[in-house]
>>> print(open('protein00.txt').read())   # compact mmCIF, C-alpha atoms and all ligand atoms
# COMPACT_ATOMS: atom_id res chain seq x y z
CA MET A 1 0.00 0.00 0.00
CA ASN A 2 1.27 3.50 -0.82
CA SER A 3 2.07 5.61 2.18
CA ASP A 4 -0.15 8.41 0.92
CA GLN A 5 -3.14 6.06 0.86
CA LYS A 6 -5.15 6.77 3.96
CA ILE A 7 -6.64 4.02 6.06
CA SER A 8 -9.90 5.94 6.07
CA SER A 9 -10.22 5.48 2.30
CA LEU A 10 -10.25 1.70 2.85
CA LEU A 11 -12.98 1.81 5.47
CA ARG A 12 -16.57 0.90 4.74
CA LYS A 13 -18.55 4.10 4.32
CA ASN A 14 -21.01 3.37 7.14
CA ILE A 15 -18.08 2.74 9.50
CA ARG A 16 -16.36 5.94 8.44
CA ASN A 17 -19.55 7.90 9.10
CA MET A 18 -20.86 6.23 12.24
CA LYS A 19 -20.78 7.94 15.58
CA PRO A 20 -19.53 5.49 18.23
CA TYR A 21 -21.40 4.76 21.44
CA SER A 22 -20.00 6.83 24.22
CA SER A 23 -20.18 4.98 27.51
CA ALA A 24 -20.23 6.58 30.94
CA ARG A 25 -16.68 5.32 31.44
CA ASN A 26 -15.60 6.85 28.14
CA GLU A 27 -16.95 10.26 29.05
CA TYR A 28 -15.51 10.46 32.52
CA SER A 29 -12.25 8.76 33.40
CA GLY A 30 -10.86 11.01 36.15
CA ASN A 31 -10.53 10.30 39.85
CA ALA A 32 -13.96 11.21 41.18
CA GLU A 33 -15.11 9.64 44.43
CA VAL A 34 -18.78 9.09 43.73
CA PHE A 35 -19.80 7.35 40.52
CA LEU A 36 -23.53 7.56 39.85
CA ASP A 37 -23.28 7.68 36.09
CA ALA A 38 -23.51 4.07 34.84
CA ASN A 39 -26.42 2.53 36.75
CA GLU A 40 -24.10 0.06 38.45
CA ASN A 41 -24.77 -1.59 41.77
CA TYR A 42 -22.73 -0.24 44.66
CA ARG A 43 -22.47 -3.81 46.03
CA SER A 44 -20.54 -6.75 44.60
CA PHE A 45 -21.74 -10.26 45.40
CA PHE A 46 -18.76 -11.93 43.82
CA THR A 47 -15.35 -12.58 45.44
CA VAL A 48 -13.59 -10.22 43.05
CA PRO A 49 -15.36 -6.86 42.87
CA VAL A 50 -17.04 -6.77 39.50
CA ASN A 51 -19.93 -4.46 40.29
CA ARG A 52 -18.36 -1.62 38.29
CA TYR A 53 -17.99 -1.68 34.50
CA PRO A 54 -14.46 -2.37 33.29
CA ASP A 55 -12.26 0.21 31.59
CA PRO A 56 -13.55 0.14 27.97
CA LEU A 57 -10.03 0.58 26.59
CA SER A 58 -8.18 -1.72 29.05
CA ARG A 59 -5.75 1.17 29.54
CA GLU A 60 -3.72 -0.26 32.40
CA LEU A 61 -3.14 -3.43 30.40
CA VAL A 62 -2.35 -1.47 27.25
CA GLU A 63 0.28 0.57 29.16
CA LYS A 64 1.95 -2.56 30.47
CA ILE A 65 1.93 -4.28 27.08
CA SER A 66 3.25 -1.11 25.48
CA ARG A 67 6.34 -1.16 27.74
CA TRP A 68 6.79 -4.89 27.13
CA LYS A 69 6.55 -4.72 23.34
CA GLY A 70 8.21 -1.35 22.81
CA LEU A 71 5.23 0.14 20.99
CA GLU A 72 3.10 3.17 21.84
CA PRO A 73 -0.28 2.67 23.56
CA GLU A 74 -1.80 4.15 20.37
CA ASN A 75 -0.58 1.02 18.54
CA ILE A 76 -2.48 -1.41 20.80
CA CYS A 77 -6.08 -2.60 21.12
CA ILE A 78 -7.22 -5.29 23.58
CA THR A 79 -10.02 -7.59 22.44
CA ASN A 80 -12.07 -10.52 23.65
CA GLY A 81 -9.57 -12.99 22.22
CA SER A 82 -7.95 -12.55 18.80
CA ASP A 83 -11.13 -13.90 17.29
CA GLU A 84 -12.92 -10.66 18.15
CA ALA A 85 -10.21 -8.67 16.37
CA ILE A 86 -10.61 -10.79 13.22
CA ASP A 87 -14.35 -10.13 13.17
CA LEU A 88 -13.84 -6.39 13.81
CA ILE A 89 -11.41 -6.14 10.91
CA TYR A 90 -13.95 -7.70 8.56
CA ARG A 91 -16.65 -5.35 9.82
CA ALA A 92 -14.47 -2.29 9.45
CA PHE A 93 -13.02 -2.85 6.00
CA ALA A 94 -14.97 -5.43 3.97
CA GLU A 95 -18.21 -4.24 2.40
CA PRO A 96 -20.70 -7.16 2.56
CA ALA A 97 -21.61 -8.72 -0.78
CA SER A 98 -18.97 -6.76 -2.64
CA ASP A 99 -15.48 -6.80 -1.09
CA ASN A 100 -13.16 -9.81 -0.87
CA ALA A 101 -10.68 -11.25 1.60
CA LEU A 102 -7.70 -13.34 0.60
CA ILE A 103 -6.87 -16.46 2.59
CA MET A 104 -4.20 -19.10 2.08
CA PRO A 105 -5.39 -22.62 2.87
CA PRO A 106 -4.69 -24.78 4.71
CA THR A 107 -5.09 -22.24 7.51
CA TYR A 108 -7.10 -21.19 10.57
CA GLY A 109 -10.79 -21.81 9.88
CA VAL A 110 -12.01 -18.67 11.62
CA TYR A 111 -10.94 -16.41 8.69
CA GLN A 112 -13.43 -18.23 6.45
CA VAL A 113 -16.19 -18.44 9.07
CA PHE A 114 -16.08 -14.71 9.80
CA ALA A 115 -15.99 -13.97 6.08
CA GLU A 116 -19.23 -15.89 5.69
CA LEU A 117 -20.71 -14.29 8.78
CA ASN A 118 -19.96 -10.87 7.31
CA ASN A 119 -21.11 -11.89 3.82
CA VAL A 120 -17.64 -11.40 2.37
CA GLU A 121 -16.38 -13.71 -0.33
CA THR A 122 -12.90 -15.18 0.11
CA ILE A 123 -10.33 -15.67 -2.60
CA ARG A 124 -8.10 -18.65 -1.88
CA VAL A 125 -4.47 -18.77 -2.85
CA PRO A 126 -3.18 -22.04 -1.37
CA LEU A 127 0.17 -22.30 0.33
CA GLN A 128 2.88 -24.05 -1.66
CA GLU A 129 3.78 -27.68 -1.14
CA ASP A 130 6.24 -26.81 1.65
CA PHE A 131 3.47 -24.66 3.23
CA SER A 132 5.26 -21.40 2.40
CA ILE A 133 3.42 -18.41 0.88
CA ASP A 134 2.94 -18.48 -2.90
CA VAL A 135 4.41 -15.00 -3.31
CA GLU A 136 4.53 -15.24 -7.08
CA GLY A 137 0.91 -16.37 -7.36
CA LEU A 138 -0.14 -13.47 -5.16
CA SER A 139 1.77 -10.88 -7.13
CA ILE A 140 0.16 -12.06 -10.37
CA LEU A 141 -3.20 -11.67 -8.65
CA PHE A 142 -2.40 -8.15 -7.38
CA ASP A 143 -1.66 -7.10 -10.97
CA HIS A 144 -5.24 -7.81 -11.99
CA ARG A 145 -6.63 -4.31 -11.79
CA ASP A 146 -10.26 -5.31 -12.24
CA PHE A 147 -10.67 -6.87 -8.87
CA VAL A 148 -7.89 -5.37 -6.86
CA HIS A 149 -10.16 -2.56 -5.67
CA THR A 150 -12.51 -5.05 -3.95
CA LEU A 151 -9.63 -6.96 -2.37
CA LYS A 152 -9.54 -5.46 1.12
CA LEU A 153 -8.03 -8.03 3.46
CA LEU A 154 -5.17 -10.53 3.38
CA PHE A 155 -4.85 -13.02 6.25
CA ILE A 156 -1.45 -14.54 6.98
CA CYS A 157 -1.16 -17.00 9.84
CA SER A 158 2.42 -17.30 11.10
CA PRO A 159 3.19 -19.77 12.57
CA ASN A 160 0.35 -21.28 10.61
CA ASN A 161 -2.41 -23.39 12.10
CA PRO A 162 -2.66 -26.35 11.29
CA THR A 163 0.67 -26.75 9.45
CA GLY A 164 2.85 -25.37 12.27
CA ASN A 165 5.42 -23.52 10.14
CA ALA A 166 6.32 -19.84 10.44
CA MET A 167 6.22 -17.80 7.23
CA ASN A 168 9.24 -15.94 5.86
CA LYS A 169 9.31 -12.41 7.31
CA ASP A 170 10.71 -10.85 4.11
CA ASP A 171 7.84 -12.44 2.16
CA ILE A 172 5.39 -10.91 4.62
CA ALA A 173 7.04 -7.48 4.51
CA GLY A 174 6.96 -7.57 0.71
CA LEU A 175 3.25 -8.39 0.76
CA VAL A 176 2.47 -5.61 3.21
CA GLN A 177 4.10 -3.23 0.72
CA SER A 178 2.43 -4.57 -2.41
CA PHE A 179 -1.04 -5.43 -1.08
CA PRO A 180 -3.55 -2.65 -1.71
CA GLY A 181 -5.58 -3.30 1.47
CA ILE A 182 -5.05 -4.42 5.06
CA VAL A 183 -2.65 -7.28 5.84
CA VAL A 184 -3.42 -9.23 9.01
CA VAL A 185 -0.59 -11.34 10.45
CA ASP A 186 -1.96 -13.73 13.05
CA GLU A 187 0.85 -14.58 15.47
CA ALA A 188 -1.11 -16.67 17.97
CA TYR A 189 1.79 -19.15 18.16
CA GLN A 190 4.69 -16.70 17.85
CA ASP A 191 5.97 -17.40 21.39
CA PHE A 192 6.85 -20.97 20.36
CA SER A 193 8.69 -19.93 17.21
CA SER A 194 12.36 -19.29 16.55
CA SER A 195 11.45 -17.06 13.58
CA PRO A 196 11.11 -13.32 14.18
CA SER A 197 7.79 -11.62 14.89
CA CYS A 198 6.39 -9.01 12.49
CA ILE A 199 5.42 -6.69 15.33
CA ASP A 200 8.24 -4.21 14.63
CA LEU A 201 6.91 -3.69 11.07
CA VAL A 202 3.85 -2.01 12.58
CA LYS A 203 5.93 1.16 12.93
CA ASP A 204 6.69 1.21 9.20
CA PHE A 205 3.44 0.15 7.54
CA GLN A 206 0.07 1.63 8.41
CA ASN A 207 -1.87 -1.17 6.67
CA LEU A 208 -0.36 -3.95 8.81
CA VAL A 209 -2.25 -5.57 11.68
CA VAL A 210 -0.43 -8.07 13.95
CA LEU A 211 -2.50 -10.27 16.24
CA GLN A 212 -1.15 -11.95 19.36
CA THR A 213 -3.05 -13.60 22.18
CA PHE A 214 -2.93 -14.68 25.83
CA SER A 215 -4.66 -17.94 24.84
CA LYS A 216 -1.71 -20.15 23.98
CA ALA A 217 1.75 -19.51 25.49
CA TRP A 218 0.25 -17.50 28.34
CA GLY A 219 -2.11 -20.28 29.37
CA MET A 220 -5.19 -18.04 29.42
CA ALA A 221 -7.49 -19.38 26.73
CA GLY A 222 -10.36 -19.26 29.23
CA ALA A 223 -9.91 -15.55 29.92
CA ARG A 224 -10.30 -14.41 26.29
CA VAL A 225 -7.68 -11.68 25.91
CA GLY A 226 -6.25 -10.79 22.50
CA MET A 227 -3.74 -8.11 21.53
CA THR A 228 -3.91 -6.19 18.26
CA PHE A 229 -0.88 -4.18 17.17
CA SER A 230 -1.30 -1.73 14.32
CA SER A 231 -1.11 1.88 13.17
CA PRO A 232 -2.95 4.44 15.32
CA ASP A 233 -5.52 4.94 12.52
CA ILE A 234 -6.53 1.27 12.53
CA ILE A 235 -6.46 1.00 16.33
CA GLN A 236 -8.83 3.98 16.54
CA VAL A 237 -11.24 2.28 14.17
CA LEU A 238 -11.23 -0.92 16.25
CA HIS A 239 -11.90 1.09 19.40
CA LYS A 240 -14.76 2.83 17.65
CA ILE A 241 -16.58 -0.32 16.52
CA LYS A 242 -15.92 -2.88 19.28
CA TYR A 243 -18.47 -3.64 21.98
CA PRO A 244 -18.10 -0.84 24.54
CA TYR A 245 -17.02 -3.19 27.35
CA ASN A 246 -15.49 -5.99 25.30
CA VAL A 247 -12.96 -7.30 27.84
CA SER A 248 -14.24 -8.08 31.33
CA LYS A 249 -12.65 -6.75 34.49
CA LEU A 250 -11.77 -10.32 35.47
CA SER A 251 -9.90 -10.87 32.22
CA GLN A 252 -8.07 -7.54 32.33
CA HIS A 253 -7.03 -8.38 35.87
CA ALA A 254 -5.87 -11.87 34.91
CA ALA A 255 -3.76 -10.55 32.02
CA LEU A 256 -2.15 -7.89 34.23
CA GLU A 257 -1.26 -10.56 36.75
CA ALA A 258 0.11 -12.87 34.05
CA LEU A 259 2.47 -10.15 32.85
CA ASP A 260 4.07 -10.15 36.30
CA LYS A 261 4.86 -13.83 35.89
CA ARG A 262 6.71 -13.51 32.64
CA GLU A 263 9.70 -15.64 33.71
CA GLU A 264 7.42 -18.49 34.69
CA VAL A 265 5.64 -18.21 31.36
CA LEU A 266 8.95 -18.22 29.47
CA ARG A 267 10.03 -21.34 31.33
CA GLY A 268 6.73 -22.95 30.39
CA ILE A 269 7.33 -22.11 26.73
CA GLU A 270 10.79 -23.72 26.84
CA GLU A 271 9.30 -26.84 28.40
CA ILE A 272 6.66 -27.07 25.68
CA LYS A 273 9.29 -26.63 22.97
CA ASN A 274 11.35 -29.45 24.49
CA SER A 275 8.31 -31.72 24.78
CA ARG A 276 7.46 -30.90 21.17
CA GLU A 277 10.79 -32.27 19.95
CA GLN A 278 10.47 -35.34 22.17
CA LEU A 279 6.94 -35.97 20.96
CA ALA A 280 8.05 -35.64 17.32
CA HIS A 281 10.79 -38.16 17.99
CA SER A 282 8.42 -40.69 19.61
CA LEU A 283 5.83 -40.29 16.87
CA LYS A 284 8.38 -40.96 14.12
CA GLU A 285 9.03 -44.40 15.61
CA LEU A 286 5.43 -45.54 15.15
CA PRO A 287 4.95 -47.74 12.08
CA TYR A 288 1.87 -45.95 10.75
CA VAL A 289 3.32 -42.42 11.09
CA GLU A 290 4.39 -41.29 7.63
CA HIS A 291 5.55 -37.76 8.39
CA VAL A 292 5.87 -35.37 11.30
CA PHE A 293 5.98 -31.81 9.96
CA PRO A 294 8.44 -29.40 11.59
CA SER A 295 6.68 -27.04 13.99
CA ASP A 296 7.16 -23.48 15.26
CA ALA A 297 4.05 -23.85 17.41
CA ASN A 298 2.74 -25.86 20.39
CA PHE A 299 1.30 -28.59 18.18
CA LEU A 300 2.44 -31.05 15.55
CA LEU A 301 0.88 -31.86 12.22
CA VAL A 302 1.32 -35.56 11.62
CA ARG A 303 0.56 -37.59 8.51
CA VAL A 304 -0.50 -41.18 9.21
CA THR A 305 -1.73 -44.04 7.06
CA ASP A 306 -5.34 -43.62 8.25
CA ALA A 307 -6.20 -40.39 10.09
CA ASP A 308 -9.91 -41.16 10.53
CA LYS A 309 -9.14 -44.50 12.14
CA LEU A 310 -6.44 -43.07 14.41
CA TYR A 311 -8.83 -40.34 15.54
CA GLU A 312 -11.57 -42.88 16.34
CA GLU A 313 -9.23 -45.29 18.10
CA LEU A 314 -7.78 -42.56 20.30
CA LYS A 315 -11.24 -41.24 21.07
CA HIS A 316 -12.11 -44.75 22.16
CA HIS A 317 -9.26 -44.45 24.67
CA GLU A 318 -10.56 -41.07 25.81
CA ILE A 319 -7.84 -39.10 24.03
CA VAL A 320 -8.93 -36.35 21.66
CA ILE A 321 -6.74 -35.05 18.88
CA ARG A 322 -7.75 -32.92 15.90
CA ASN A 323 -8.48 -34.70 12.65
CA ARG A 324 -7.39 -32.33 9.86
CA SER A 325 -7.53 -34.85 7.03
CA SER A 326 -10.38 -33.06 5.25
CA GLN A 327 -8.37 -29.81 5.07
CA TYR A 328 -6.82 -28.79 1.79
CA MET A 329 -3.34 -30.38 1.38
CA CYS A 330 -3.69 -32.17 4.73
CA SER A 331 -5.02 -35.56 3.65
CA GLY A 332 -4.13 -38.20 6.22
CA CYS A 333 -3.15 -35.56 8.77
CA VAL A 334 -3.96 -35.08 12.42
CA ARG A 335 -2.97 -32.18 14.64
CA ILE A 336 -1.72 -32.97 18.12
CA THR A 337 -1.32 -30.36 20.85
CA VAL A 338 1.86 -30.56 22.94
CA GLY A 339 0.22 -31.30 26.29
CA SER A 340 1.79 -32.14 29.65
CA PRO A 341 4.50 -34.84 29.81
CA ALA A 342 1.99 -37.20 31.49
CA GLU A 343 -0.59 -36.59 28.75
CA LEU A 344 1.99 -37.18 26.05
CA ASP A 345 3.24 -40.38 27.71
CA ARG A 346 -0.31 -41.65 27.77
CA LEU A 347 -0.81 -40.65 24.13
CA ILE A 348 2.34 -42.45 22.97
CA GLU A 349 1.65 -45.56 25.06
CA THR A 350 -1.86 -45.71 23.62
CA MET A 351 -0.64 -45.09 20.08
CA LYS A 352 1.83 -47.97 20.42
CA LYS A 353 -1.09 -50.33 21.08
CA ILE A 354 -3.09 -49.12 18.09
CA GLN A 355 -2.83 -50.71 14.68
CA LEU A 356 -4.11 -48.84 11.66
C1 LIG A 401 -5.79 -20.26 18.86
C2 LIG A 401 -5.69 -19.31 17.76
C3 LIG A 401 -6.02 -17.96 17.93
C4 LIG A 401 -6.41 -17.45 19.28
O1 LIG A 401 -7.67 -16.99 19.32
P1 LIG A 401 -8.19 -16.36 20.68
O2 LIG A 401 -9.51 -15.82 20.26
O3 LIG A 401 -7.21 -15.29 21.08
O4 LIG A 401 -8.26 -17.45 21.69
C5 LIG A 401 -5.87 -17.08 16.88
N1 LIG A 401 -5.40 -17.51 15.71
C6 LIG A 401 -5.05 -18.79 15.51
C7 LIG A 401 -4.47 -19.20 14.21
C8 LIG A 401 -5.21 -19.73 16.52
O5 LIG A 401 -4.89 -21.01 16.29
>>> encode(input="protein00.txt", output="structure tokens")
Amino acid sequence: MNSDQKISSLLRKNIRNMKPYSSARNEYSGNAEVFLDANENYRSFFTVPVNRYPDPLSRELVEKISRWKGLEPENICITNGSDEAIDLIYRAFAEPASDNALIMPPTYGVYQVFAELNNVETIRVPLQEDFSIDVEGLSILFDHRDFVHTLKLLFICSPNNPTGNAMNKDDIAGLVQSFPGIVVVDEAYQDFSSSPSCIDLVKDFQNLVVLQTFSKAWGMAGARVGMTFSSPDIIQVLHKIKYPYNVSKLSQHAALEALDKREEVLRGIEEIKNSREQLAHSLKELPYVEHVFPSDANFLLVRVTDADKLYEELKHHEIVIRNRSSQYMCSGCVRITVGSPAELDRLIETMKKIQL
């Protein structure tokens, strides 16, 4: 995208023109002593006081993340998981029944689901055989003037779910420059990867959105806290269109607490990375395992002789894995999360007894 192209010109017209809801907490954020402006109850019946509405912009959390990531608070939006951010991006930029989003299967299913939910058609440019981005195919597509003006969003998942590989950062940077719309880089698994994050590119490209989450490495999938990093123009739009109180007080509190335990979290990540390599090693010794794909994430994509049967057999032993064999380019594949050492021991012992 050219630097003189304004984000506002990419926005849907109704979004550009809408006046956001202004909550009581938006309008007054000072240090008053009596708050009678939001029809809250002055009592809390829950152990943690939740009788007051949360900060709509999760400002304390944003400040802390800003120091951690070396970005300005203006570059950060907190959402109810990354999934909320994906939906918001569709709503902001993709005109229903006319604009398109580009996705690269096999990838995270939510991009397609939210496209359908928002009545946006997807264009699919599959990953190459080694699961890297088909940069050449994309550049040919971008040269087609007739539909480039409806192409608003490009989703890149890195490390990619379900294939596990990180994408080449230079490829991504090149796409951010050449793509005429918004490029979303979903880094849900970045903490497990040895490849560099794209978060620093946010300072250089206003059409780049990087998504990270507390759901995976931070062990907080149940709290629903996602981080969006982007240019101030895009962050402002997300703030304008999100639910006024999208992240609960409990979740904001949990994320703030987690950030104080960063060393523990980092140790946990190292443990998972070690277990991942051990698990890959054990899986490769099983007779029906054809291939264990390299992984930059906390899961392994594994090709076996009969994925449906393996899935059923394991389910029979009360172990659930993800059958991905119906996904494009993933025939015969299952996805296995790197669980605790005890869980993985049980998985391997059970798999040894199974015959496909
Ligand atoms: C798990 C996952 C997420 C995280 O979503 P949350 O809503 O933050 O829990 C995002 N993207 C991908 C590719 C994932 O696999």
>>> closest_residue(input="protein00.txt", among="A:Pro287, A:Pro106, A:Gly70, A:Pro180", to="ligand LIG 401 (chain A)", atoms="all atoms listed in the file")
A:Pro106
>>> residues_around(input="protein00.txt", residues="Phe293 of chain A", least_positions_apart="4", cutoff="8 Å", atoms="all atoms listed in the file", output="ChimeraX atom specification")
/A:163-164,300-302
>>> residues_near_ligand(input="protein00.txt", ligand="ligand LIG 401 (chain A)", cutoff="6 Å", atoms="all atoms listed in the file", output="list in words")
Gly81, Ser82, Asp83, Tyr108, Cys157, Asn161, Asp186, Ala188, Thr213, Ser215, Ala221, Arg224 and Gly226 of chain A
>>> atom_distance(input="protein00.txt", atom1="atom CA of Asp171 of chain A", atom2="atom CA of Pro105 of chain A")
16.7 Å
>>> atom_distance(input="protein00.txt", atom1="atom CA of Ala166 of chain A", atom2="atom CA of Ala115 of chain A")
23.5 Å
>>> residues_around(input="protein00.txt", residues="segment 257-268 of chain A", least_positions_apart="6", cutoff="9 Å", atoms="only C-alpha atoms", output="PyMOL selection string")
chain A and resi 64-65+68+191+214+217-220
>>> residues_around(input="protein00.txt", residues="Ala94 of chain A", least_positions_apart="5", cutoff="8 Å", atoms="all atoms listed in the file", output="list of chain:residue names")
A:Leu11, A:Arg12, A:Ile89, A:Asp99, A:Asn100, A:Ala101, A:Val120, A:Lys152, A:Leu153
>>> residues_around(input="protein00.txt", residues="Leu347 of chain A", least_positions_apart="3", cutoff="12 Å", atoms="all atoms listed in the file", output="list in words")
Leu279, Ser282, Leu283, Leu286, Leu310, Tyr311, Glu313, Leu314, Lys315, His317, Glu318, Ile319, Val320, Ile321, Ile336, Thr337, Val338, Gly339, Ser340, Pro341, Ala342, Glu343, Leu344, Thr350, Met351, Lys352, Lys353 and Ile354 of chain A
>>> atom_distance(input="protein00.txt", atom1="atom CA of Ala280 of chain A", atom2="atom CA of Glu349 of chain A")
14.1 Å
>>> axis_aligned_box(input="protein00.txt", around="segment 26-37 of chain A", padding_each_side="6 Å", output="AutoDock Vina command-line options")
--center_x -17.0 --center_y 9.0 --center_z 36.3 --size_x 25.0 --size_y 16.4 --size_z 28.3
>>> closest_atom_pairs(input="protein00.txt", of="segment 82-177 of chain A", to="segment 245-253 of chain A", cutoff="12 Å", atoms="all atoms listed in the file", output="CSV")
residue,atom,partner,partner_atom,distance
A:Ser82,CA,A:Val247,CA,11.6
A:Glu84,CA,A:Asn246,CA,8.9
A:Ala85,CA,A:Asn246,CA,10.7
A:Leu88,CA,A:Asn246,CA,11.6
>>> residues_around(input="protein00.txt", residues="Ile76 of chain A", least_positions_apart="3", cutoff="9 Å", atoms="only C-alpha atoms", output="list in words")
Val62, Ile65, Ser66, Leu71, Glu72, Pro73, Met227, Thr228, Phe229, Ser230, Ser231, Pro232 and Ile235 of chain A
>>> closest_residue(input="protein00.txt", among="A:Glu95, A:Glu290, A:Glu270, A:Glu277", to="Leu151 of chain A", atoms="only C-alpha atoms")
A:Glu95
>>> closest_residue(input="protein00.txt", among="A:Ala92, A:Val237, A:Val225, A:Ala32", to="Asn14 of chain A", atoms="all atoms listed in the file")
A:Ala92
>>> closest_residue(input="protein00.txt", among="A:Asn165, A:Gln327, A:Gln177, A:Gln190", to="Leu208 of chain A", atoms="only C-alpha atoms")
A:Gln177
>>> closest_residue(input="protein00.txt", among="A:His144, A:Lys69, A:Arg91, A:Lys6", to="Ile241 of chain A", atoms="all atoms listed in the file")
A:Arg91
>>> decode(input="protein00.txt", residues="segment 297-317 of chain A", atoms="N, CA and C atoms", output="PDB file, in the first residue's frame")
ATOM      1  N   ALA A 297       5.207 -24.125  16.556  1.00  0.00           N
ATOM      2  CA  ALA A 297       4.054 -23.851  17.415  1.00  0.00           C
ATOM      3  C   ALA A 297       3.983 -24.876  18.553  1.00  0.00           C
ATOM      4  N   ASN A 298       2.876 -24.895  19.297  1.00  0.00           N
ATOM      5  CA  ASN A 298       2.736 -25.860  20.386  1.00  0.00           C
ATOM      6  C   ASN A 298       1.876 -27.051  19.966  1.00  0.00           C
ATOM      7  N   PHE A 299       1.989 -27.397  18.688  1.00  0.00           N
ATOM      8  CA  PHE A 299       1.296 -28.587  18.176  1.00  0.00           C
ATOM      9  C   PHE A 299       2.105 -29.172  17.036  1.00  0.00           C
ATOM     10  N   LEU A 300       1.770 -30.400  16.682  1.00  0.00           N
ATOM     11  CA  LEU A 300       2.442 -31.052  15.549  1.00  0.00           C
ATOM     12  C   LEU A 300       1.395 -31.502  14.544  1.00  0.00           C
ATOM     13  N   LEU A 301       1.693 -31.291  13.285  1.00  0.00           N
ATOM     14  CA  LEU A 301       0.876 -31.857  12.217  1.00  0.00           C
ATOM     15  C   LEU A 301       1.551 -33.165  11.807  1.00  0.00           C
ATOM     16  N   VAL A 302       0.759 -34.232  11.813  1.00  0.00           N
ATOM     17  CA  VAL A 302       1.320 -35.563  11.615  1.00  0.00           C
ATOM     18  C   VAL A 302       0.537 -36.290  10.532  1.00  0.00           C
ATOM     19  N   ARG A 303       1.250 -36.813   9.550  1.00  0.00           N
ATOM     20  CA  ARG A 303       0.559 -37.592   8.511  1.00  0.00           C
ATOM     21  C   ARG A 303       0.672 -39.070   8.849  1.00  0.00           C
ATOM     22  N   VAL A 304      -0.472 -39.739   8.884  1.00  0.00           N
ATOM     23  CA  VAL A 304      -0.502 -41.175   9.207  1.00  0.00           C
ATOM     24  C   VAL A 304      -1.191 -41.939   8.070  1.00  0.00           C
ATOM     25  N   THR A 305      -1.159 -43.256   8.152  1.00  0.00           N
ATOM     26  CA  THR A 305      -1.731 -44.042   7.060  1.00  0.00           C
ATOM     27  C   THR A 305      -3.258 -43.940   7.029  1.00  0.00           C
ATOM     28  N   ASP A 306      -3.878 -43.727   8.209  1.00  0.00           N
ATOM     29  CA  ASP A 306      -5.338 -43.620   8.246  1.00  0.00           C
ATOM     30  C   ASP A 306      -5.751 -42.683   9.389  1.00  0.00           C
ATOM     31  N   ALA A 307      -5.924 -41.407   9.068  1.00  0.00           N
ATOM     32  CA  ALA A 307      -6.196 -40.391  10.094  1.00  0.00           C
ATOM     33  C   ALA A 307      -7.562 -40.606  10.765  1.00  0.00           C
ATOM     34  N   ASP A 308      -8.564 -40.966   9.959  1.00  0.00           N
ATOM     35  CA  ASP A 308      -9.906 -41.163  10.529  1.00  0.00           C
ATOM     36  C   ASP A 308      -9.881 -42.280  11.573  1.00  0.00           C
ATOM     37  N   LYS A 309      -9.173 -43.358  11.226  1.00  0.00           N
ATOM     38  CA  LYS A 309      -9.144 -44.505  12.137  1.00  0.00           C
ATOM     39  C   LYS A 309      -8.362 -44.156  13.404  1.00  0.00           C
ATOM     40  N   LEU A 310      -7.235 -43.465  13.243  1.00  0.00           N
ATOM     41  CA  LEU A 310      -6.445 -43.073  14.415  1.00  0.00           C
ATOM     42  C   LEU A 310      -7.281 -42.192  15.337  1.00  0.00           C
ATOM     43  N   TYR A 311      -7.991 -41.245  14.741  1.00  0.00           N
ATOM     44  CA  TYR A 311      -8.825 -40.344  15.539  1.00  0.00           C
ATOM     45  C   TYR A 311      -9.853 -41.138  16.345  1.00  0.00           C
ATOM     46  N   GLU A 312     -10.527 -42.069  15.672  1.00  0.00           N
ATOM     47  CA  GLU A 312     -11.569 -42.875  16.336  1.00  0.00           C
ATOM     48  C   GLU A 312     -10.976 -43.758  17.436  1.00  0.00           C
ATOM     49  N   GLU A 313      -9.861 -44.393  17.120  1.00  0.00           N
ATOM     50  CA  GLU A 313      -9.225 -45.291  18.101  1.00  0.00           C
ATOM     51  C   GLU A 313      -8.813 -44.520  19.357  1.00  0.00           C
ATOM     52  N   LEU A 314      -8.221 -43.348  19.148  1.00  0.00           N
ATOM     53  CA  LEU A 314      -7.779 -42.561  20.302  1.00  0.00           C
ATOM     54  C   LEU A 314      -8.982 -42.070  21.103  1.00  0.00           C
ATOM     55  N   LYS A 315     -10.019 -41.696  20.397  1.00  0.00           N
ATOM     56  CA  LYS A 315     -11.244 -41.242  21.071  1.00  0.00           C
ATOM     57  C   LYS A 315     -11.790 -42.364  21.958  1.00  0.00           C
ATOM     58  N   HIS A 316     -11.697 -43.557  21.427  1.00  0.00           N
ATOM     59  CA  HIS A 316     -12.112 -44.749  22.160  1.00  0.00           C
ATOM     60  C   HIS A 316     -11.337 -44.882  23.471  1.00  0.00           C
ATOM     61  N   HIS A 317     -10.093 -44.423  23.461  1.00  0.00           N
ATOM     62  CA  HIS A 317      -9.258 -44.449  24.671  1.00  0.00           C
ATOM     63  C   HIS A 317      -9.318 -43.113  25.411  1.00  0.00           C
TER      64      HIS A 317
END
